[in-house]
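*Asks:* TSV, C-alpha atoms, saved as work_37.tsv, coming up:
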```tsv
chain	number	residue	atom	x	y	z
A	1	MET	CA	0.00	0.00	0.00
A	2	SER	CA	1.17	3.53	-0.70
A	3	GLU	CA	2.30	5.93	2.01
A	4	SER	CA	-1.03	7.78	1.76
A	5	THR	CA	-3.55	4.97	1.51
A	6	ARG	CA	-6.54	5.54	-0.76
A	7	ILE	CA	-9.77	4.75	1.11
A	8	ALA	CA	-13.31	4.77	-0.27
A	9	VAL	CA	-16.00	5.37	2.36
A	10	LEU	CA	-19.43	4.30	1.09
A	11	GLY	CA	-22.23	6.03	2.96
A	12	GLY	CA	-22.88	9.71	3.60
A	13	GLY	CA	-24.81	9.44	6.86
A	14	ALA	CA	-23.52	10.44	10.29
A	15	TRP	CA	-21.27	7.40	10.77
A	16	GLY	CA	-19.90	7.39	7.22
A	17	THR	CA	-19.06	11.10	7.38
A	18	ALA	CA	-17.49	10.73	10.81
A	19	LEU	CA	-15.38	7.75	9.73
A	20	ALA	CA	-14.26	9.53	6.55
A	21	THR	CA	-13.06	12.42	8.70
A	22	ALA	CA	-11.31	10.03	11.10
A	23	MET	CA	-9.55	8.31	8.18
A	24	LEU	CA	-8.31	11.70	6.98
A	25	ARG	CA	-6.97	12.54	10.44
A	26	ALA	CA	-4.98	9.29	10.26
A	27	GLY	CA	-3.25	10.56	7.11
A	28	ASN	CA	-5.17	8.67	4.46
A	29	ASP	CA	-6.50	9.85	1.09
A	30	VAL	CA	-10.29	9.59	1.40
A	31	LEU	CA	-13.21	9.88	-1.00
A	32	LEU	CA	-16.72	9.66	0.47
A	33	TRP	CA	-19.63	8.35	-1.59
A	34	ALA	CA	-23.14	9.55	-0.78
A	35	ARG	CA	-26.51	9.49	-2.53
A	36	ASP	CA	-27.87	12.85	-1.41
A	37	GLY	CA	-26.79	15.80	-3.56
A	38	GLU	CA	-27.35	18.37	-0.82
A	39	THR	CA	-25.18	16.40	1.58
A	40	ILE	CA	-22.40	16.13	-1.01
A	41	ALA	CA	-22.53	19.87	-1.71
A	42	ALA	CA	-22.47	20.74	2.00
A	43	ILE	CA	-19.43	18.54	2.64
A	44	ASN	CA	-17.50	19.79	-0.39
A	45	GLU	CA	-18.40	23.46	-0.13
A	46	ARG	CA	-18.99	24.13	3.58
A	47	ARG	CA	-17.22	21.25	5.37
A	48	ASN	CA	-20.32	20.08	7.21
A	49	ASN	CA	-23.15	17.58	6.98
A	50	PRO	CA	-26.16	19.49	8.34
A	51	ARG	CA	-28.62	16.66	7.73
A	52	TYR	CA	-26.78	14.06	9.80
A	53	LEU	CA	-24.19	15.96	11.87
A	54	PRO	CA	-25.73	19.39	12.48
A	55	GLY	CA	-23.50	22.02	14.01
A	56	ILE	CA	-20.24	20.12	13.47
A	57	LEU	CA	-17.45	21.57	11.31
A	58	LEU	CA	-15.55	18.71	9.70
A	59	GLN	CA	-11.84	19.21	10.34
A	60	PRO	CA	-10.46	18.04	7.99
A	61	ALA	CA	-13.36	17.59	5.59
A	62	PRO	CA	-13.42	14.66	3.17
A	63	ARG	CA	-14.15	15.03	-0.52
A	64	ALA	CA	-17.55	13.65	-1.48
A	65	THR	CA	-19.02	12.29	-4.70
A	66	ALA	CA	-22.27	10.77	-5.97
A	67	ASP	CA	-20.35	8.61	-8.46
A	68	LEU	CA	-19.82	5.14	-6.98
A	69	GLY	CA	-17.32	4.22	-9.67
A	70	GLU	CA	-15.26	7.33	-8.94
A	71	ALA	CA	-15.24	6.54	-5.22
A	72	LEU	CA	-14.00	2.99	-5.84
A	73	ALA	CA	-11.46	3.78	-8.55
A	74	GLY	CA	-8.00	3.07	-7.16
A	75	ALA	CA	-9.31	2.44	-3.63
A	76	GLU	CA	-6.94	0.26	-1.60
A	77	ILE	CA	-9.49	-0.14	1.22
A	78	VAL	CA	-13.30	0.14	1.09
A	79	LEU	CA	-15.40	1.04	4.12
A	80	ALA	CA	-19.06	0.00	3.80
A	81	VAL	CA	-21.02	2.35	6.06
A	82	THR	CA	-24.63	1.84	5.01
A	83	PRO	CA	-27.32	0.38	7.32
A	84	ALA	CA	-27.14	-3.35	7.95
A	85	GLN	CA	-30.38	-4.13	6.17
A	86	THR	CA	-29.23	-2.42	2.95
A	87	LEU	CA	-25.69	-3.80	2.91
A	88	ARG	CA	-26.58	-6.62	0.51
A	89	PHE	CA	-27.81	-4.10	-2.09
A	90	LEU	CA	-24.63	-2.02	-1.76
A	91	LEU	CA	-22.38	-5.05	-2.16
A	92	GLU	CA	-24.32	-6.21	-5.22
A	93	ALA	CA	-23.77	-2.74	-6.71
A	94	ILE	CA	-20.00	-2.76	-6.14
A	95	ALA	CA	-19.31	-6.40	-7.05
A	96	GLY	CA	-16.56	-6.40	-9.66
A	97	GLN	CA	-15.51	-2.83	-8.91
A	98	ILE	CA	-13.28	-3.44	-5.87
A	99	GLY	CA	-9.61	-3.76	-6.72
A	100	PRO	CA	-7.85	-7.12	-6.27
A	101	GLY	CA	-6.92	-7.67	-2.64
A	102	ALA	CA	-8.59	-4.47	-1.40
A	103	PRO	CA	-10.24	-5.27	1.97
A	104	LEU	CA	-13.90	-4.52	2.56
A	105	VAL	CA	-14.47	-3.09	6.05
A	106	ILE	CA	-18.04	-3.53	7.31
A	107	CYS	CA	-18.98	-0.66	9.64
A	108	ALA	CA	-22.68	-1.45	10.18
A	109	LYS	CA	-24.02	-3.48	13.10
A	110	GLY	CA	-26.83	-5.97	12.64
A	111	ILE	CA	-28.10	-9.33	11.37
A	112	GLU	CA	-29.91	-9.55	8.05
A	113	ARG	CA	-33.57	-9.91	9.02
A	114	THR	CA	-34.69	-11.88	5.95
A	115	THR	CA	-32.00	-14.57	6.14
A	116	GLY	CA	-30.51	-14.47	9.63
A	117	ARG	CA	-27.05	-14.12	8.10
A	118	LEU	CA	-24.24	-12.09	9.62
A	119	LEU	CA	-23.04	-9.20	7.51
A	120	SER	CA	-19.63	-10.80	7.02
A	121	GLU	CA	-21.37	-13.89	5.60
A	122	ILE	CA	-23.22	-11.74	3.07
A	123	ALA	CA	-19.94	-10.13	2.03
A	124	ALA	CA	-18.23	-13.51	1.67
A	125	GLU	CA	-21.12	-14.69	-0.51
A	126	LEU	CA	-21.20	-11.67	-2.83
A	127	LEU	CA	-17.49	-10.79	-2.87
A	128	PRO	CA	-15.74	-14.15	-2.46
A	129	GLU	CA	-12.30	-12.86	-3.47
A	130	THR	CA	-12.40	-9.83	-1.15
A	131	PRO	CA	-10.90	-9.92	2.38
A	132	VAL	CA	-13.66	-9.09	4.87
A	133	VAL	CA	-13.04	-6.93	7.93
A	134	VAL	CA	-15.36	-5.57	10.65
A	135	LEU	CA	-14.96	-2.26	12.50
A	136	SER	CA	-17.02	-2.03	15.67
A	137	GLY	CA	-16.96	-0.62	19.17
A	138	PRO	CA	-18.32	2.07	21.52
A	139	SER	CA	-18.47	5.09	19.24
A	140	PHE	CA	-20.98	7.85	18.66
A	141	ALA	CA	-20.65	9.49	15.26
A	142	THR	CA	-20.80	12.96	16.78
A	143	ASP	CA	-17.83	12.19	19.07
A	144	VAL	CA	-15.73	10.83	16.22
A	145	ALA	CA	-16.63	13.72	13.93
A	146	ARG	CA	-15.57	16.21	16.60
A	147	GLY	CA	-12.27	14.40	17.15
A	148	LEU	CA	-13.09	13.31	20.71
A	149	PRO	CA	-11.14	10.30	22.02
A	150	THR	CA	-12.67	7.03	20.80
A	151	ALA	CA	-11.48	3.41	20.74
A	152	VAL	CA	-12.83	0.66	18.48
A	153	THR	CA	-11.91	-2.83	17.31
A	154	VAL	CA	-10.86	-3.82	13.80
A	155	ALA	CA	-11.35	-7.55	13.23
A	156	ALA	CA	-10.45	-9.97	10.45
A	157	ARG	CA	-9.76	-13.68	10.33
A	158	ASP	CA	-6.30	-12.72	9.09
A	159	GLU	CA	-4.73	-11.27	12.24
A	160	ALA	CA	-1.96	-9.53	10.29
A	161	LEU	CA	-4.52	-7.77	8.08
A	162	ALA	CA	-6.51	-6.61	11.11
A	163	ALA	CA	-3.36	-5.24	12.75
A	164	ARG	CA	-2.28	-3.44	9.56
A	165	LEU	CA	-5.65	-1.77	9.11
A	166	ALA	CA	-5.85	-0.83	12.78
A	167	GLY	CA	-2.55	0.99	12.33
A	168	LEU	CA	-3.71	2.76	9.17
A	169	PHE	CA	-6.96	3.91	10.77
A	170	SER	CA	-5.54	5.10	14.09
A	171	SER	CA	-4.78	8.70	15.02
A	172	SER	CA	-4.29	10.68	18.22
A	173	SER	CA	-8.08	10.70	18.79
A	174	PHE	CA	-9.19	7.45	17.13
A	175	ARG	CA	-7.51	4.35	18.52
A	176	CYS	CA	-8.06	0.98	16.86
A	177	TYR	CA	-7.34	-2.36	18.49
A	178	SER	CA	-7.01	-5.44	16.28
A	179	SER	CA	-8.64	-8.87	16.66
A	180	ASP	CA	-8.87	-12.10	14.68
A	181	ASP	CA	-12.27	-12.94	16.26
A	182	LEU	CA	-14.35	-11.59	13.39
A	183	ILE	CA	-17.59	-13.28	14.49
A	184	GLY	CA	-17.24	-12.20	18.12
A	185	VAL	CA	-16.71	-8.56	17.20
A	186	GLU	CA	-19.59	-8.64	14.73
A	187	LEU	CA	-22.07	-10.30	17.11
A	188	GLY	CA	-21.20	-7.96	19.96
A	189	GLY	CA	-22.12	-4.96	17.83
A	190	ALA	CA	-25.32	-6.50	16.49
A	191	LEU	CA	-26.76	-7.80	19.75
A	192	LYS	CA	-25.95	-4.77	21.90
A	193	ASN	CA	-28.43	-2.82	19.73
A	194	VAL	CA	-31.23	-5.16	20.82
A	195	LEU	CA	-30.25	-4.88	24.47
A	196	ALA	CA	-30.06	-1.08	24.23
A	197	ILE	CA	-33.75	-1.09	23.21
A	198	ALA	CA	-34.51	-3.09	26.37
A	199	ALA	CA	-32.53	-0.66	28.54
A	200	GLY	CA	-34.26	2.32	26.97
A	201	ALA	CA	-37.69	0.75	27.47
A	202	VAL	CA	-36.99	0.16	31.17
A	203	THR	CA	-35.82	3.76	31.57
A	204	GLY	CA	-38.75	5.15	29.59
A	205	ALA	CA	-41.22	3.21	31.72
A	206	GLY	CA	-39.69	4.78	34.85
A	207	LEU	CA	-38.75	1.45	36.42
A	208	GLY	CA	-35.62	2.84	38.04
A	209	ALA	CA	-31.85	2.61	37.80
A	210	SER	CA	-31.75	-0.74	39.61
A	211	ALA	CA	-33.99	-2.35	37.01
A	212	GLN	CA	-31.92	-0.87	34.21
A	213	ALA	CA	-28.69	-2.23	35.72
A	214	ALA	CA	-30.26	-5.67	36.08
A	215	MET	CA	-31.53	-5.59	32.49
A	216	VAL	CA	-28.13	-4.63	31.06
A	217	THR	CA	-26.23	-7.17	33.16
A	218	ARG	CA	-28.52	-10.08	32.40
A	219	GLY	CA	-28.67	-8.97	28.79
A	220	PHE	CA	-24.91	-9.27	28.60
A	221	VAL	CA	-25.23	-12.86	29.80
A	222	GLU	CA	-27.50	-13.53	26.81
A	223	LEU	CA	-25.07	-11.81	24.46
A	224	ARG	CA	-22.33	-14.14	25.66
A	225	ARG	CA	-24.55	-17.22	25.32
A	226	ILE	CA	-25.44	-16.41	21.74
A	227	GLY	CA	-21.84	-15.49	20.97
A	228	ALA	CA	-20.61	-18.81	22.35
A	229	ALA	CA	-23.04	-20.67	20.08
A	230	PHE	CA	-21.43	-18.96	17.08
A	231	GLY	CA	-17.88	-19.66	18.32
A	232	ALA	CA	-17.12	-16.16	19.59
A	233	ARG	CA	-14.42	-15.94	22.24
A	234	PRO	CA	-15.55	-14.77	25.73
A	235	GLU	CA	-12.68	-12.27	25.97
A	236	THR	CA	-13.83	-10.60	22.75
A	237	LEU	CA	-17.31	-10.04	24.14
A	238	MET	CA	-15.76	-8.63	27.32
A	239	GLY	CA	-13.93	-6.05	25.20
A	240	LEU	CA	-14.75	-2.89	23.28
A	241	SER	CA	-17.04	-4.45	20.69
A	242	GLY	CA	-19.12	-6.29	23.30
A	243	LEU	CA	-19.24	-4.94	26.84
A	244	GLY	CA	-17.81	-1.56	25.86
A	245	ASP	CA	-20.41	-0.94	23.19
A	246	LEU	CA	-23.16	-2.24	25.47
A	247	ILE	CA	-22.22	0.24	28.22
A	248	LEU	CA	-22.26	3.15	25.79
A	249	SER	CA	-25.50	2.23	24.03
A	250	CYS	CA	-27.46	1.33	27.18
A	251	GLY	CA	-26.70	4.51	29.06
A	252	SER	CA	-27.27	7.44	26.76
A	253	ALA	CA	-30.16	8.91	24.78
A	254	GLN	CA	-27.56	9.62	22.07
A	255	SER	CA	-27.97	5.95	21.19
A	256	ARG	CA	-30.72	5.56	18.60
A	257	ASN	CA	-31.61	2.15	19.98
A	258	PHE	CA	-31.83	3.42	23.56
A	259	SER	CA	-33.96	6.36	22.41
A	260	TYR	CA	-36.25	4.02	20.48
A	261	GLY	CA	-36.67	1.88	23.58
A	262	MET	CA	-37.41	4.96	25.70
A	263	ALA	CA	-40.20	5.91	23.32
A	264	LEU	CA	-41.64	2.40	23.63
A	265	GLY	CA	-41.42	2.53	27.42
A	266	GLN	CA	-43.13	5.92	27.52
A	267	GLY	CA	-45.86	4.81	25.13
A	268	ARG	CA	-44.89	7.42	22.55
A	269	PRO	CA	-45.20	6.88	18.78
A	270	VAL	CA	-42.05	5.48	17.21
A	271	GLU	CA	-42.91	6.35	13.60
A	272	GLY	CA	-40.40	8.82	12.21
A	273	LEU	CA	-37.71	8.13	14.80
A	274	PRO	CA	-34.12	7.83	13.49
A	275	LEU	CA	-33.06	4.40	12.24
A	276	ALA	CA	-32.42	1.97	15.12
A	277	GLU	CA	-30.57	-1.12	13.88
A	278	GLY	CA	-31.82	-3.18	16.82
A	279	VAL	CA	-35.40	-3.04	15.52
A	280	PRO	CA	-34.89	-5.39	12.53
A	281	THR	CA	-32.22	-7.39	14.38
A	282	ALA	CA	-34.29	-8.28	17.46
A	283	PRO	CA	-36.83	-10.63	15.79
A	284	ILE	CA	-34.22	-12.56	13.84
A	285	ALA	CA	-31.92	-12.76	16.89
A	286	ALA	CA	-34.82	-14.20	18.90
A	287	GLU	CA	-35.48	-16.74	16.13
A	288	ILE	CA	-31.82	-17.74	16.05
A	289	ALA	CA	-31.74	-18.18	19.84
A	290	ALA	CA	-34.89	-20.31	19.78
A	291	SER	CA	-33.68	-22.48	16.90
A	292	ARG	CA	-30.39	-23.15	18.68
A	293	GLY	CA	-31.94	-23.76	22.08
A	294	ILE	CA	-30.28	-20.69	23.62
A	295	ASP	CA	-31.93	-19.18	26.69
A	296	ALA	CA	-32.36	-15.50	25.74
A	297	PRO	CA	-35.47	-14.16	27.50
A	298	ILE	CA	-34.56	-10.47	27.18
A	299	VAL	CA	-33.86	-10.67	23.45
A	300	THR	CA	-37.12	-12.61	23.06
A	301	ALA	CA	-39.02	-10.03	25.11
A	302	VAL	CA	-37.68	-7.16	22.98
A	303	ALA	CA	-38.85	-8.94	19.82
A	304	ALA	CA	-42.32	-9.41	21.34
A	305	LEU	CA	-42.40	-5.79	22.51
A	306	LEU	CA	-41.58	-4.56	19.01
A	307	ARG	CA	-44.40	-6.71	17.62
A	308	THR	CA	-46.69	-5.10	20.25
A	309	GLU	CA	-47.53	-8.57	21.58
A	310	ILE	CA	-46.68	-7.46	25.14
A	311	THR	CA	-46.24	-4.22	27.08
A	312	ILE	CA	-43.05	-3.25	28.90
A	313	ASP	CA	-44.74	-3.95	32.25
A	314	GLU	CA	-45.80	-7.42	31.06
A	315	ALA	CA	-42.29	-8.09	29.78
A	316	VAL	CA	-40.67	-7.13	33.09
A	317	THR	CA	-43.23	-9.15	35.07
A	318	ALA	CA	-42.53	-12.20	32.90
A	319	LEU	CA	-38.78	-11.82	33.32
A	320	LEU	CA	-39.01	-11.44	37.10
A	321	SER	CA	-41.33	-14.44	37.46
A	322	ARG	CA	-38.96	-16.84	35.72
A	323	PRO	CA	-37.77	-19.79	37.84
A	324	LEU	CA	-34.98	-18.88	40.23
A	325	LYS	CA	-31.54	-20.27	39.49
A	326	SER	CA	-27.84	-19.67	40.06
A	327	GLU	CA	-26.54	-16.43	38.58
A	328	THR	CA	-23.80	-18.32	36.71
A	329	GLU	CA	-26.18	-20.71	34.94
```
Have the structure of the file written as structure tokens, please.

*Replies:*
Amino acid sequence: MSESTRIAVLGGGAWGTALATAMLRAGNDVLLWARDGETIAAINERRNNPRYLPGILLQPAPRATADLGEALAGAEIVLAVTPAQTLRFLLEAIAGQIGPGAPLVICAKGIERTTGRLLSEIAAELLPETPVVVLSGPSFATDVARGLPTAVTVAARDEALAARLAGLFSSSSFRCYSSDDLIGVELGGALKNVLAIAAGAVTGAGLGASAQAAMVTRGFVELRRIGAAFGARPETLMGLSGLGDLILSCGSAQSRNFSYGMALGQGRPVEGLPLAEGVPTAPIAAEIAASRGIDAPIVTAVAALLRTEITIDEAVTALLSRPLKSETE
């Protein structure tokens, strides 16, 4: 790779814009692809993204384009930063346009709702010759865009590749740790979104800090159970992309999933709320847990809550009335 690595960032939302700016701070040559013409003009002409990152001046500001071919031309690394449920369509669009050996870095968090497949599995299916990497961890787009200290994990089955990319992406404000536990890092990011909805619902219903702490802690037990069934390492889920991301997402209204859960708990309409990746992930995660015989009552309750089959009070009552057992079971 050249001294100034050419990176294509695909996705002009808050996270894509923030990551493009972070990649620039790390000394890379970045071109951001976005669909929205107004967003592209704002980034190129005024160094901001008022639709997704209002009030933040991008320093430095990436160059943006609506031409997908231009963004991919000569790219040595490609960051896919579109929502999890649209990733398949993006990858179908870029198949054949990624340079030989250029890694694809998945920056979304979720499980495909129609198939139950992990995002890395979709990438391996559609781009079989492309190395697949996942970037995940406790990170709000607004913090990264402002240059506030943030740490994430970069994972690939090829440990050397993960370490090399972590080095290329890191700067004084954006620290990347490497891992070869691709599945563990990916599952941690996907499932914490579901648990953040649960935490938000408990908070919104006014059930108290003690109930929220119990929900998050027992939810983490379920995250580890599901992770273990997929072969994820326990230490990965105890790290940034598991426990770290869970702490961030379950404790702040900045989290879209937490905010969505709060609205549910308060009985407010959820139509028109910002995209919460945990909403499509919860039902398929509950199905996966049931099909594999994994005890995941909180994930299952969130899925039922989203289908309006139960209320938050009924969900909490059901969870508290479960048979008593050892905490380590």

*Asks:* Place a sphere of radius 12 Å on (-35.3, -13.8, 25.6) in the file coordinates and name every protein, DNA or RNA residue with an atom inside or on its surface, counting only C-alpha atoms; give the answer as a count of residues only.

*Replies:* 40

*Asks:* Pick the closest to A:Gly204 from A:Arg268, A:Arg164, A:Arg175, A:Lys192: which is it, counting only C-alpha atoms?

*Replies:*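 Ranked by minimum distance to A:Gly204, first place goes to A:Arg268.
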
*Asks:* Using all atoms listed in the file, find the one residue out of A:Leu243, A:Ile43, A:Leu187, A:Leu126 that sits nearest to A:Ile56.

*Replies:* A:Ile43

*Asks:* Please, which residues in stretch 242-291 of chain A fall within 12 Å of stretch 78-84 of chain A when counting only C-alpha atoms, and what is the closest atom pair and distance in Å to one decimal for each, ordered by chain then residue number, as JSON lines?

*Replies:*
```
{"residue": "A:Pro274", "atom": "CA", "partner": "A:Pro83", "partner_atom": "CA", "distance": 11.8}
{"residue": "A:Leu275", "atom": "CA", "partner": "A:Pro83", "partner_atom": "CA", "distance": 8.6}
{"residue": "A:Ala276", "atom": "CA", "partner": "A:Pro83", "partner_atom": "CA", "distance": 9.5}
{"residue": "A:Glu277", "atom": "CA", "partner": "A:Ala84", "partner_atom": "CA", "distance": 7.2}
{"residue": "A:Gly278", "atom": "CA", "partner": "A:Ala84", "partner_atom": "CA", "distance": 10.0}
{"residue": "A:Val279", "atom": "CA", "partner": "A:Ala84", "partner_atom": "CA", "distance": 11.2}
{"residue": "A:Pro280", "atom": "CA", "partner": "A:Ala84", "partner_atom": "CA", "distance": 9.2}
{"residue": "A:Thr281", "atom": "CA", "partner": "A:Ala84", "partner_atom": "CA", "distance": 9.1}
```

*Asks:* I want to know what sits within 8 Å of A:Ala163, based on only C-alpha atoms, with residues of the same chain fewer than 3 positions away left out; could you give that as an MDAnalysis selection string?

*Replies:* chainID A and resid 154 159:160 166:167 177:179

*Asks:* In Å, with one decimal, what is the gap from atom CA of A:Gly227 to atom CA of A:Leu118?

*Replies:*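 Atom CA of A:Leu118 lies 12.1 Å from atom CA of A:Gly227.
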
*Asks:* Could you work out how far atom CA of A:Phe140 lies from atom CA of A:Ser170, giving the answer in Å with one decimal?

*Replies:*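 Spanning atom CA of A:Ser170 to atom CA of A:Phe140 is a straight-line distance of 16.3 Å.
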
*Asks:* Hey, can you check how far atom CA of A:Ser252 sits from atom CA of A:Gly116?

*Replies:*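 One can read the atom CA of A:Ser252 to atom CA of A:Gly116 distance as 28.0 Å.
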
*Asks:* Give the answer as one residue: which of A:Ala93, A:Ala196, A:Asn257, A:Leu324 has the shortest atom-to-atom distance to A:Val270, using only C-alpha atoms?

*Replies:* A:Asn257

*Asks:* My list of candidates is A:Ile197, A:Leu91, A:Val133, A:Val144. Which is closest to A:Leu58 when distances are computed with all atoms listed in the file?

*Replies:*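 Comparing A:Ile197, A:Leu91, A:Val133, A:Val144 against A:Leu58, the winner is A:Val144.
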
*Asks:* Kindly indicate which residue among A:Arg35, A:Arg233, A:Arg146, A:Arg117 lies nearest to A:Asn48, using only C-alpha atoms for the distances.

*Replies:*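 Answer, going by the shortest atom-to-atom distance: A:Arg146.
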
*Asks:* Can you list, as a list in words, every protein, DNA or RNA residue that comes within 7 Å of A:Asp180 when you count all atoms listed in the file, leaving out same-chain residues fewer than 6 positions away?

*Replies:* Ala155, Ala156, Arg157, Asp158, Glu159 and Ala162 of chain A
